[in-house]
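Participant: Have a peek at work-v7.pdb (PDB, C-alpha atoms and all ligand atoms).
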ATOM      1  CA  MET Y1309    -149.467  33.644  76.766
ATOM      2  CA  PHE Y1310    -147.324  33.349  79.888
ATOM      3  CA  ARG Y1311    -146.486  36.502  81.851
ATOM      4  CA  TYR Y1312    -144.843  37.282  85.165
ATOM      5  CA  GLN Y1313    -143.882  40.069  87.500
ATOM      6  CA  THR Y1314    -141.281  39.800  90.243
ATOM      7  CA  ILE Y1315    -141.736  41.492  93.606
ATOM      8  CA  PRO Y1316    -138.881  41.404  96.143
ATOM      9  CA  VAL Y1317    -140.225  40.462  99.595
ATOM     10  CA  THR Y1318    -138.875  40.165 103.158
ATOM     11  CA  ALA Y1319    -135.658  41.575 104.606
ATOM     12  CA  PHE Y1320    -133.811  39.061 102.360
ATOM     13  CA  ALA Y1321    -135.148  40.771  99.166
ATOM     14  CA  GLN Y1322    -136.397  37.430  97.944
ATOM     15  CA  ASN Y1323    -137.734  37.535  94.374
ATOM     16  CA  CYS Y1324    -141.327  36.423  94.730
ATOM     17  CA  SER Y1325    -142.935  36.144  91.282
ATOM     18  CA  ILE Y1326    -146.561  36.385  90.297
ATOM     19  CA  VAL Y1327    -146.985  34.340  87.100
ATOM     20  CA  TRP Y1328    -150.125  34.278  85.012
ATOM     21  CA  CYS Y1329    -151.868  33.260  81.803
ATOM     22  CA  ASP Y1330    -153.006  36.398  79.994
ATOM     23  CA  GLU Y1331    -155.932  34.582  78.345
ATOM     24  CA  THR Y1332    -157.608  33.408  81.559
ATOM     25  CA  ARG Y1333    -155.852  35.859  83.980
ATOM     26  CA  ASP Y1334    -155.346  32.970  86.398
ATOM     27  CA  ALA Y1335    -152.182  33.459  88.439
ATOM     28  CA  ALA Y1336    -149.837  31.519  90.703
ATOM     29  CA  VAL Y1337    -147.461  33.039  93.218
ATOM     30  CA  ILE Y1338    -143.980  31.503  93.378
ATOM     31  CA  ASP Y1339    -142.289  31.639  96.814
ATOM     32  CA  PRO Y1340    -144.443  33.950  98.974
ATOM     33  CA  GLY Y1341    -141.839  34.468 101.687
ATOM     34  CA  GLY Y1342    -143.725  37.349 103.301
ATOM     35  CA  ASP Y1343    -145.130  40.848 102.704
ATOM     36  CA  LEU Y1344    -148.430  39.215 101.796
ATOM     37  CA  ASP Y1345    -150.440  42.447 101.599
ATOM     38  CA  ARG Y1346    -148.058  43.713  98.913
ATOM     39  CA  LEU Y1347    -148.449  40.481  96.958
ATOM     40  CA  VAL Y1348    -152.227  40.524  97.177
ATOM     41  CA  ASP Y1349    -152.255  44.213  96.132
ATOM     42  CA  ALA Y1350    -149.911  43.496  93.217
ATOM     43  CA  ALA Y1351    -152.216  40.749  91.947
ATOM     44  CA  LYS Y1352    -155.142  43.157  92.182
ATOM     45  CA  GLN Y1353    -153.211  45.830  90.255
ATOM     46  CA  LEU Y1354    -152.345  43.291  87.574
ATOM     47  CA  GLY Y1355    -155.980  42.246  87.301
ATOM     48  CA  VAL Y1356    -155.183  38.573  87.893
ATOM     49  CA  ALA Y1357    -156.786  36.005  90.194
ATOM     50  CA  LEU Y1358    -154.438  34.080  92.501
ATOM     51  CA  LYS Y1359    -155.183  30.361  92.161
ATOM     52  CA  ALA Y1360    -152.150  28.571  93.577
ATOM     53  CA  ILE Y1361    -148.888  28.835  95.512
ATOM     54  CA  TRP Y1362    -145.848  27.203  93.932
ATOM     55  CA  LEU Y1363    -142.753  26.625  96.091
ATOM     56  CA  THR Y1364    -139.180  26.130  94.891
ATOM     57  CA  HIS Y1365    -137.951  25.181  98.378
ATOM     58  CA  ALA Y1366    -138.871  25.631 102.023
ATOM     59  CA  HIS Y1367    -136.430  28.237 103.331
ATOM     60  CA  ILE Y1368    -138.149  30.923 105.397
ATOM     61  CA  ASP Y1369    -137.615  33.784 102.912
ATOM     62  CA  HIS Y1370    -139.300  31.703 100.173
ATOM     63  CA  ALA Y1371    -141.983  29.794 102.086
ATOM     64  CA  GLY Y1372    -142.580  31.856 105.260
ATOM     65  CA  GLY Y1373    -145.889  33.364 104.073
ATOM     66  CA  THR Y1374    -147.258  30.143 102.584
ATOM     67  CA  ALA Y1375    -149.530  28.930 105.384
ATOM     68  CA  GLU Y1376    -151.059  32.362 105.958
ATOM     69  CA  LEU Y1377    -151.614  33.142 102.268
ATOM     70  CA  ALA Y1378    -153.027  29.682 101.557
ATOM     71  CA  GLY Y1379    -155.412  30.085 104.493
ATOM     72  CA  ARG Y1380    -156.453  33.620 103.566
ATOM     73  CA  LEU Y1381    -157.241  32.896  99.912
ATOM     74  CA  ASN Y1382    -157.894  29.159 100.137
ATOM     75  CA  LEU Y1383    -155.074  28.327  97.709
ATOM     76  CA  PRO Y1384    -153.521  24.931  97.022
ATOM     77  CA  ILE Y1385    -149.810  24.630  97.864
ATOM     78  CA  ILE Y1386    -147.868  23.024  95.021
ATOM     79  CA  GLY Y1387    -144.326  21.826  95.814
ATOM     80  CA  PRO Y1388    -141.617  21.618  96.698
ATOM     81  CA  HIS Y1389    -140.198  18.069  96.414
ATOM     82  CA  PRO Y1390    -140.611  15.850  99.541
ATOM     83  CA  GLY Y1391    -136.878  16.172 100.273
ATOM     84  CA  ASP Y1392    -137.707  19.539 101.884
ATOM     85  CA  GLN Y1393    -140.112  18.124 104.479
ATOM     86  CA  PHE Y1394    -137.590  18.735 107.277
ATOM     87  CA  TRP Y1395    -137.250  22.396 106.236
ATOM     88  CA  ILE Y1396    -141.052  22.777 106.333
ATOM     89  CA  ASP Y1397    -141.068  21.222 109.806
ATOM     90  CA  GLY Y1398    -138.359  23.700 110.819
ATOM     91  CA  LEU Y1399    -140.148  26.851 109.589
ATOM     92  CA  PRO Y1400    -141.205  28.032 113.103
ATOM     93  CA  GLN Y1401    -137.572  27.739 114.213
ATOM     94  CA  GLN Y1402    -136.337  29.456 111.028
ATOM     95  CA  SER Y1403    -138.706  32.388 111.642
ATOM     96  CA  ARG Y1404    -137.409  32.835 115.207
ATOM     97  CA  MET Y1405    -133.795  32.569 114.094
ATOM     98  CA  PHE Y1406    -134.106  35.190 111.337
ATOM     99  CA  GLY Y1407    -136.589  37.524 113.075
ATOM    100  CA  PHE Y1408    -139.448  36.753 110.695
ATOM    101  CA  PRO Y1409    -143.118  36.894 111.705
ATOM    102  CA  PRO Y1410    -144.145  33.446 112.997
ATOM    103  CA  ALA Y1411    -144.490  31.090 110.027
ATOM    104  CA  GLY Y1412    -147.376  28.629 110.195
ATOM    105  CA  HIS Y1413    -146.901  24.980 109.419
ATOM    106  CA  PHE Y1414    -148.414  23.608 106.223
ATOM    107  CA  THR Y1415    -148.681  20.414 104.252
ATOM    108  CA  PRO Y1416    -148.315  20.756 100.478
ATOM    109  CA  THR Y1417    -151.509  19.943  98.614
ATOM    110  CA  ARG Y1418    -149.275  18.363  95.989
ATOM    111  CA  TRP Y1419    -145.607  17.394  96.247
ATOM    112  CA  LEU Y1420    -143.554  17.723  93.065
ATOM    113  CA  ALA Y1421    -141.120  15.356  91.380
ATOM    114  CA  ASP Y1422    -138.704  15.723  88.479
ATOM    115  CA  GLY Y1423    -140.586  15.672  85.168
ATOM    116  CA  ASP Y1424    -143.915  16.860  86.606
ATOM    117  CA  THR Y1425    -145.791  19.755  85.058
ATOM    118  CA  VAL Y1426    -147.761  22.560  86.689
ATOM    119  CA  GLN Y1427    -150.583  24.422  85.001
ATOM    120  CA  ILE Y1428    -151.864  27.979  85.341
ATOM    121  CA  GLY Y1429    -154.665  28.974  82.999
ATOM    122  CA  ARG Y1430    -153.603  27.652  79.589
ATOM    123  CA  CYS Y1431    -149.891  27.781  80.415
ATOM    124  CA  THR Y1432    -147.907  24.695  81.359
ATOM    125  CA  LEU Y1433    -144.534  24.783  83.079
ATOM    126  CA  ASN Y1434    -142.126  21.885  83.500
ATOM    127  CA  VAL Y1435    -140.798  20.947  86.930
ATOM    128  CA  ARG Y1436    -137.181  19.909  87.368
ATOM    129  CA  HIS Y1437    -135.790  18.631  90.663
ATOM    130  CA  CYS Y1438    -132.543  20.524  91.366
ATOM    131  CA  PRO Y1439    -131.185  19.376  94.757
ATOM    132  CA  GLY Y1440    -128.002  20.747  96.308
ATOM    133  CA  HIS Y1441    -129.040  24.019  98.004
ATOM    134  CA  THR Y1442    -131.815  22.023  99.667
ATOM    135  CA  PRO Y1443    -132.604  18.365  98.949
ATOM    136  CA  GLY Y1444    -136.157  19.097  97.789
ATOM    137  CA  HIS Y1445    -135.480  22.152  95.617
ATOM    138  CA  VAL Y1446    -137.424  22.363  92.321
ATOM    139  CA  VAL Y1447    -137.434  24.882  89.449
ATOM    140  CA  PHE Y1448    -140.317  25.911  87.169
ATOM    141  CA  HIS Y1449    -139.547  26.173  83.445
ATOM    142  CA  SER Y1450    -141.685  27.701  80.708
ATOM    143  CA  PRO Y1451    -140.157  26.560  77.376
ATOM    144  CA  GLU Y1452    -142.714  28.707  75.548
ATOM    145  CA  ALA Y1453    -141.578  31.901  77.294
ATOM    146  CA  GLN Y1454    -137.927  30.749  77.679
ATOM    147  CA  ARG Y1455    -138.059  31.554  81.358
ATOM    148  CA  VAL Y1456    -137.102  29.458  84.373
ATOM    149  CA  PHE Y1457    -137.725  30.282  88.040
ATOM    150  CA  VAL Y1458    -134.705  28.807  89.806
ATOM    151  CA  GLY Y1459    -135.048  29.861  93.458
ATOM    152  CA  ASP Y1460    -131.639  29.586  95.142
ATOM    153  CA  VAL Y1461    -130.025  27.149  92.681
ATOM    154  CA  LEU Y1462    -128.293  29.727  90.474
ATOM    155  CA  PHE Y1463    -127.720  33.495  90.659
ATOM    156  CA  ALA Y1464    -126.212  36.042  88.275
ATOM    157  CA  GLY Y1465    -122.511  35.466  88.923
ATOM    158  CA  SER Y1466    -123.002  33.039  91.805
ATOM    159  CA  ILE Y1467    -124.693  29.838  92.991
ATOM    160  CA  GLY Y1468    -126.772  28.808  95.994
ATOM    161  CA  ARG Y1469    -125.213  28.148  99.394
ATOM    162  CA  THR Y1470    -124.605  24.517 100.265
ATOM    163  CA  ASP Y1471    -123.480  24.887 103.886
ATOM    164  CA  PHE Y1472    -126.963  24.236 105.321
ATOM    165  CA  PRO Y1473    -128.019  20.818 106.685
ATOM    166  CA  GLN Y1474    -128.282  18.374 103.761
ATOM    167  CA  GLY Y1475    -126.757  20.899 101.368
ATOM    168  CA  ASN Y1476    -124.480  19.271  98.799
ATOM    169  CA  HIS Y1477    -122.135  21.221  96.549
ATOM    170  CA  ALA Y1478    -121.445  18.455  94.009
ATOM    171  CA  GLN Y1479    -125.158  17.766  93.715
ATOM    172  CA  LEU Y1480    -125.879  21.480  93.145
ATOM    173  CA  ILE Y1481    -123.309  21.671  90.332
ATOM    174  CA  ALA Y1482    -124.787  18.527  88.774
ATOM    175  CA  SER Y1483    -128.306  20.000  89.003
ATOM    176  CA  ILE Y1484    -127.161  23.143  87.180
ATOM    177  CA  ARG Y1485    -125.194  21.228  84.539
ATOM    178  CA  ASP Y1486    -127.676  18.424  83.867
ATOM    179  CA  ARG Y1487    -131.026  20.121  84.421
ATOM    180  CA  LEU Y1488    -130.580  23.851  83.751
ATOM    181  CA  TRP Y1489    -128.042  24.042  80.909
ATOM    182  CA  PRO Y1490    -130.147  21.824  78.579
ATOM    183  CA  MET Y1491    -132.915  24.460  78.728
ATOM    184  CA  GLY Y1492    -130.754  26.508  76.362
ATOM    185  CA  ASP Y1493    -128.383  29.468  76.448
ATOM    186  CA  ASP Y1494    -131.106  31.998  75.577
ATOM    187  CA  THR Y1495    -133.315  30.996  78.499
ATOM    188  CA  VAL Y1496    -133.678  33.808  81.033
ATOM    189  CA  PHE Y1497    -133.644  32.699  84.664
ATOM    190  CA  ILE Y1498    -135.317  34.449  87.567
ATOM    191  CA  PRO Y1499    -133.213  33.751  90.674
ATOM    192  CA  GLY Y1500    -134.416  33.883  94.264
ATOM    193  CA  HIS Y1501    -132.272  36.965  94.895
ATOM    194  CA  GLY Y1502    -130.732  39.629  92.661
ATOM    195  CA  PRO Y1503    -131.035  40.367  88.942
ATOM    196  CA  GLU Y1504    -132.097  38.057  86.121
ATOM    197  CA  SER Y1505    -129.550  36.656  83.689
ATOM    198  CA  THR Y1506    -129.422  34.045  80.920
ATOM    199  CA  LEU Y1507    -128.223  30.474  81.289
ATOM    200  CA  GLY Y1508    -125.715  31.077  78.469
ATOM    201  CA  GLU Y1509    -124.175  34.047  80.257
ATOM    202  CA  GLU Y1510    -123.660  31.971  83.431
ATOM    203  CA  ARG Y1511    -122.456  28.888  81.538
ATOM    204  CA  ARG Y1512    -119.719  31.030  79.951
ATOM    205  CA  PHE Y1513    -118.799  33.478  82.717
ATOM    206  CA  ASN Y1514    -120.057  32.372  86.149
ATOM    207  CA  PRO Y1515    -116.850  31.362  88.017
ATOM    208  CA  TYR Y1516    -118.697  28.787  90.145
ATOM    209  CA  VAL Y1517    -120.097  26.772  87.245
ATOM    210  CA  LYS Y1518    -118.378  27.673  83.993
ATOM    211  CA  ALA Y1519    -116.165  24.585  84.215
ATOM    212  CA  ALA Y1520    -119.161  22.326  84.949
TER     213      ALA Y1520
HETATM  214 ZN    ZN V   1    -132.764  29.097 100.067
HETATM  215 ZN    ZN V   2    -133.365  32.513  99.308
END
Represent the structure contained in this file as structure tokens.
Ligand SMILES: [Zn+2]
Ligand SMILES: [Zn+2]

Facilitator:
Amino acid sequence: MFRYQTIPVTAFAQNCSIVWCDETRDAAVIDPGGDLDRLVDAAKQLGVALKAIWLTHAHIDHAGGTAELAGRLNLPIIGPHPGDQFWIDGLPQQSRMFGFPPAGHFTPTRWLADGDTVQIGRCTLNVRHCPGHTPGHVVFHSPEAQRVFVGDVLFAGSIGRTDFPQGNHAQLIASIRDRLWPMGDDTVFIPGHGPESTLGEERRFNPYVKAA
């Protein structure tokens, strides 16, 4: 069975999630933006073994700790979609701009595309490409658990910013409408910042997308 625990990291309170299969206790960490000692300790407390890093997108608060954590624990880096290459290349500059510890450069072990799947233990999650906040943004969906990890695509009561280079508001709305809503109203989403909500709640009440 699929399980997860969310741990806010960095000054941006980014929701890093440790996800795991409770049969094998193999775990992946989604968006290790920083505070790596806390993440490693949390995995130890949970009694799970970190096996992979999954990235929704390459903004500093989500991907800043990737190179260091991958190097420390010898983990493969899965994602995001190749559209975020320029954000990966810009990580050193992003860390200077936002006062983060220097972020190392990395090359994903595996890029992701829409329709891919990722595996942890005996759990499989579906990958959907949801561009708009960044061009290479992906989300990780567990139909079994009715959970989706959406990074900065959708928030409780809000949506991701689109005023960054290669951000695109219309594309973000289309991603939410065409790729998130079909997952079902009861699906709980874990956003990159702030509290969880359900897709149905946002589809009905979120002022940025309820007309989508
Ligand atoms: Zn972002
Ligand atoms: Zn973010």

Participant: I would like the residues chosen by the PyMOL selection byres (((chain Y and resi 1342) around 8) and not hetatm) on the shown file; could you give them as a list in words?

Facilitator: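 In the shown coordinates, the PyMOL selection byres (((chain Y and resi 1342) around 8) and not hetatm) covers Val1317, Thr1318, Pro1340, Gly1341, Asp1343, Leu1344, Asp1369, His1370, Ala1371, Gly1372 and Gly1373 of chain Y.
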
Participant: Using only C-alpha atoms and all ligand atoms, determine which residues fall within 7 Å of ligand ZN 1 (chain V), then list them as a list in words.

Facilitator: His1365, His1367, His1441 and Asp1460 of chain Y

Participant: For the structure shown, which residues end up in the PyMOL selection byres (((chain Y and resi 1498-1503) around 8) and not hetatm)? Put them as a PDB file with C-alpha atoms, keeping the file's coordinate frame, please?

Facilitator:
ATOM      1  CA  PHE Y1320    -133.811  39.061 102.360  1.00  0.00           C
ATOM      2  CA  ALA Y1321    -135.148  40.771  99.166  1.00  0.00           C
ATOM      3  CA  GLN Y1322    -136.397  37.430  97.944  1.00  0.00           C
ATOM      4  CA  ASN Y1323    -137.734  37.535  94.374  1.00  0.00           C
ATOM      5  CA  CYS Y1324    -141.327  36.423  94.730  1.00  0.00           C
ATOM      6  CA  HIS Y1370    -139.300  31.703 100.173  1.00  0.00           C
ATOM      7  CA  ARG Y1455    -138.059  31.554  81.358  1.00  0.00           C
ATOM      8  CA  VAL Y1456    -137.102  29.458  84.373  1.00  0.00           C
ATOM      9  CA  PHE Y1457    -137.725  30.282  88.040  1.00  0.00           C
ATOM     10  CA  VAL Y1458    -134.705  28.807  89.806  1.00  0.00           C
ATOM     11  CA  GLY Y1459    -135.048  29.861  93.458  1.00  0.00           C
ATOM     12  CA  ASP Y1460    -131.639  29.586  95.142  1.00  0.00           C
ATOM     13  CA  VAL Y1461    -130.025  27.149  92.681  1.00  0.00           C
ATOM     14  CA  LEU Y1462    -128.293  29.727  90.474  1.00  0.00           C
ATOM     15  CA  PHE Y1463    -127.720  33.495  90.659  1.00  0.00           C
ATOM     16  CA  ALA Y1464    -126.212  36.042  88.275  1.00  0.00           C
ATOM     17  CA  VAL Y1496    -133.678  33.808  81.033  1.00  0.00           C
ATOM     18  CA  PHE Y1497    -133.644  32.699  84.664  1.00  0.00           C
ATOM     19  CA  GLU Y1504    -132.097  38.057  86.121  1.00  0.00           C
ATOM     20  CA  SER Y1505    -129.550  36.656  83.689  1.00  0.00           C
TER      21      SER Y1505
END

Participant: Using all atoms listed in the file - which residues lie no farther than 12 Å from the point (-144.4, 34.5, 83.4) in the file's frame? Write them as a PDB file with C-alpha atoms, keeping the file's coordinate frame.

Facilitator:
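Final file, part-v3.pdb:
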ATOM      1  CA  MET Y1309    -149.467  33.644  76.766  1.00  0.00           C
ATOM      2  CA  PHE Y1310    -147.324  33.349  79.888  1.00  0.00           C
ATOM      3  CA  ARG Y1311    -146.486  36.502  81.851  1.00  0.00           C
ATOM      4  CA  TYR Y1312    -144.843  37.282  85.165  1.00  0.00           C
ATOM      5  CA  GLN Y1313    -143.882  40.069  87.500  1.00  0.00           C
ATOM      6  CA  THR Y1314    -141.281  39.800  90.243  1.00  0.00           C
ATOM      7  CA  CYS Y1324    -141.327  36.423  94.730  1.00  0.00           C
ATOM      8  CA  SER Y1325    -142.935  36.144  91.282  1.00  0.00           C
ATOM      9  CA  ILE Y1326    -146.561  36.385  90.297  1.00  0.00           C
ATOM     10  CA  VAL Y1327    -146.985  34.340  87.100  1.00  0.00           C
ATOM     11  CA  TRP Y1328    -150.125  34.278  85.012  1.00  0.00           C
ATOM     12  CA  CYS Y1329    -151.868  33.260  81.803  1.00  0.00           C
ATOM     13  CA  ASP Y1330    -153.006  36.398  79.994  1.00  0.00           C
ATOM     14  CA  ARG Y1333    -155.852  35.859  83.980  1.00  0.00           C
ATOM     15  CA  ASP Y1334    -155.346  32.970  86.398  1.00  0.00           C
ATOM     16  CA  ALA Y1335    -152.182  33.459  88.439  1.00  0.00           C
ATOM     17  CA  ALA Y1336    -149.837  31.519  90.703  1.00  0.00           C
ATOM     18  CA  VAL Y1337    -147.461  33.039  93.218  1.00  0.00           C
ATOM     19  CA  ILE Y1338    -143.980  31.503  93.378  1.00  0.00           C
ATOM     20  CA  GLN Y1427    -150.583  24.422  85.001  1.00  0.00           C
ATOM     21  CA  ILE Y1428    -151.864  27.979  85.341  1.00  0.00           C
ATOM     22  CA  GLY Y1429    -154.665  28.974  82.999  1.00  0.00           C
ATOM     23  CA  CYS Y1431    -149.891  27.781  80.415  1.00  0.00           C
ATOM     24  CA  THR Y1432    -147.907  24.695  81.359  1.00  0.00           C
ATOM     25  CA  LEU Y1433    -144.534  24.783  83.079  1.00  0.00           C
ATOM     26  CA  PHE Y1448    -140.317  25.911  87.169  1.00  0.00           C
ATOM     27  CA  HIS Y1449    -139.547  26.173  83.445  1.00  0.00           C
ATOM     28  CA  SER Y1450    -141.685  27.701  80.708  1.00  0.00           C
ATOM     29  CA  PRO Y1451    -140.157  26.560  77.376  1.00  0.00           C
ATOM     30  CA  GLU Y1452    -142.714  28.707  75.548  1.00  0.00           C
ATOM     31  CA  ALA Y1453    -141.578  31.901  77.294  1.00  0.00           C
ATOM     32  CA  GLN Y1454    -137.927  30.749  77.679  1.00  0.00           C
ATOM     33  CA  ARG Y1455    -138.059  31.554  81.358  1.00  0.00           C
ATOM     34  CA  VAL Y1456    -137.102  29.458  84.373  1.00  0.00           C
ATOM     35  CA  PHE Y1457    -137.725  30.282  88.040  1.00  0.00           C
ATOM     36  CA  VAL Y1496    -133.678  33.808  81.033  1.00  0.00           C
ATOM     37  CA  PHE Y1497    -133.644  32.699  84.664  1.00  0.00           C
ATOM     38  CA  ILE Y1498    -135.317  34.449  87.567  1.00  0.00           C
TER      39      ILE Y1498
END

Participant: Under the rule that only C-alpha atoms and all ligand atoms are counted, which of Y:Pro1439, Y:Pro1416, Y:Gly1468, Y:Gly1379 is the nearest residue to ligand ZN 2 (chain V)?

Facilitator: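 Using only C-alpha atoms and all ligand atoms, the shortest distance to ligand ZN 2 (chain V) belongs to Y:Gly1468.
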
Participant: To one decimal place, how far is CA of Thr1364 (chain Y) from CA of Arg1418 (chain Y) in Å?

Facilitator: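 Computed distance, CA of Thr1364 (chain Y) to CA of Arg1418 (chain Y), equals 12.8 Å.
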
Participant: Report, in Å to a single decimal, how far apart CA of Gln1402 (chain Y) and CA of Gly1475 (chain Y) are.

Facilitator: 16.1 Å

Participant: Please write as a compact mmCIF listing (two decimals) with C-alpha atoms, keeping the file's coordinate frame the full residue list that the PyMOL selection byres (((chain Y and resi 1411) around 7) and not hetatm) yields on this file.

Facilitator:
# COMPACT_ATOMS: atom_id res chain seq x y z
CA GLY Y 1372 -142.58 31.86 105.26
CA GLY Y 1373 -145.89 33.36 104.07
CA LEU Y 1399 -140.15 26.85 109.59
CA PRO Y 1400 -141.21 28.03 113.10
CA SER Y 1403 -138.71 32.39 111.64
CA PRO Y 1409 -143.12 36.89 111.70
CA PRO Y 1410 -144.15 33.45 113.00
CA GLY Y 1412 -147.38 28.63 110.20
CA HIS Y 1413 -146.90 24.98 109.42

Participant: So how far away is CA of Asp1392 (chain Y) from CA of Thr1495 (chain Y), in Å?

Facilitator: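 Answer for the CA of Thr1495 (chain Y) to CA of Asp1392 (chain Y) separation: 26.4 Å.
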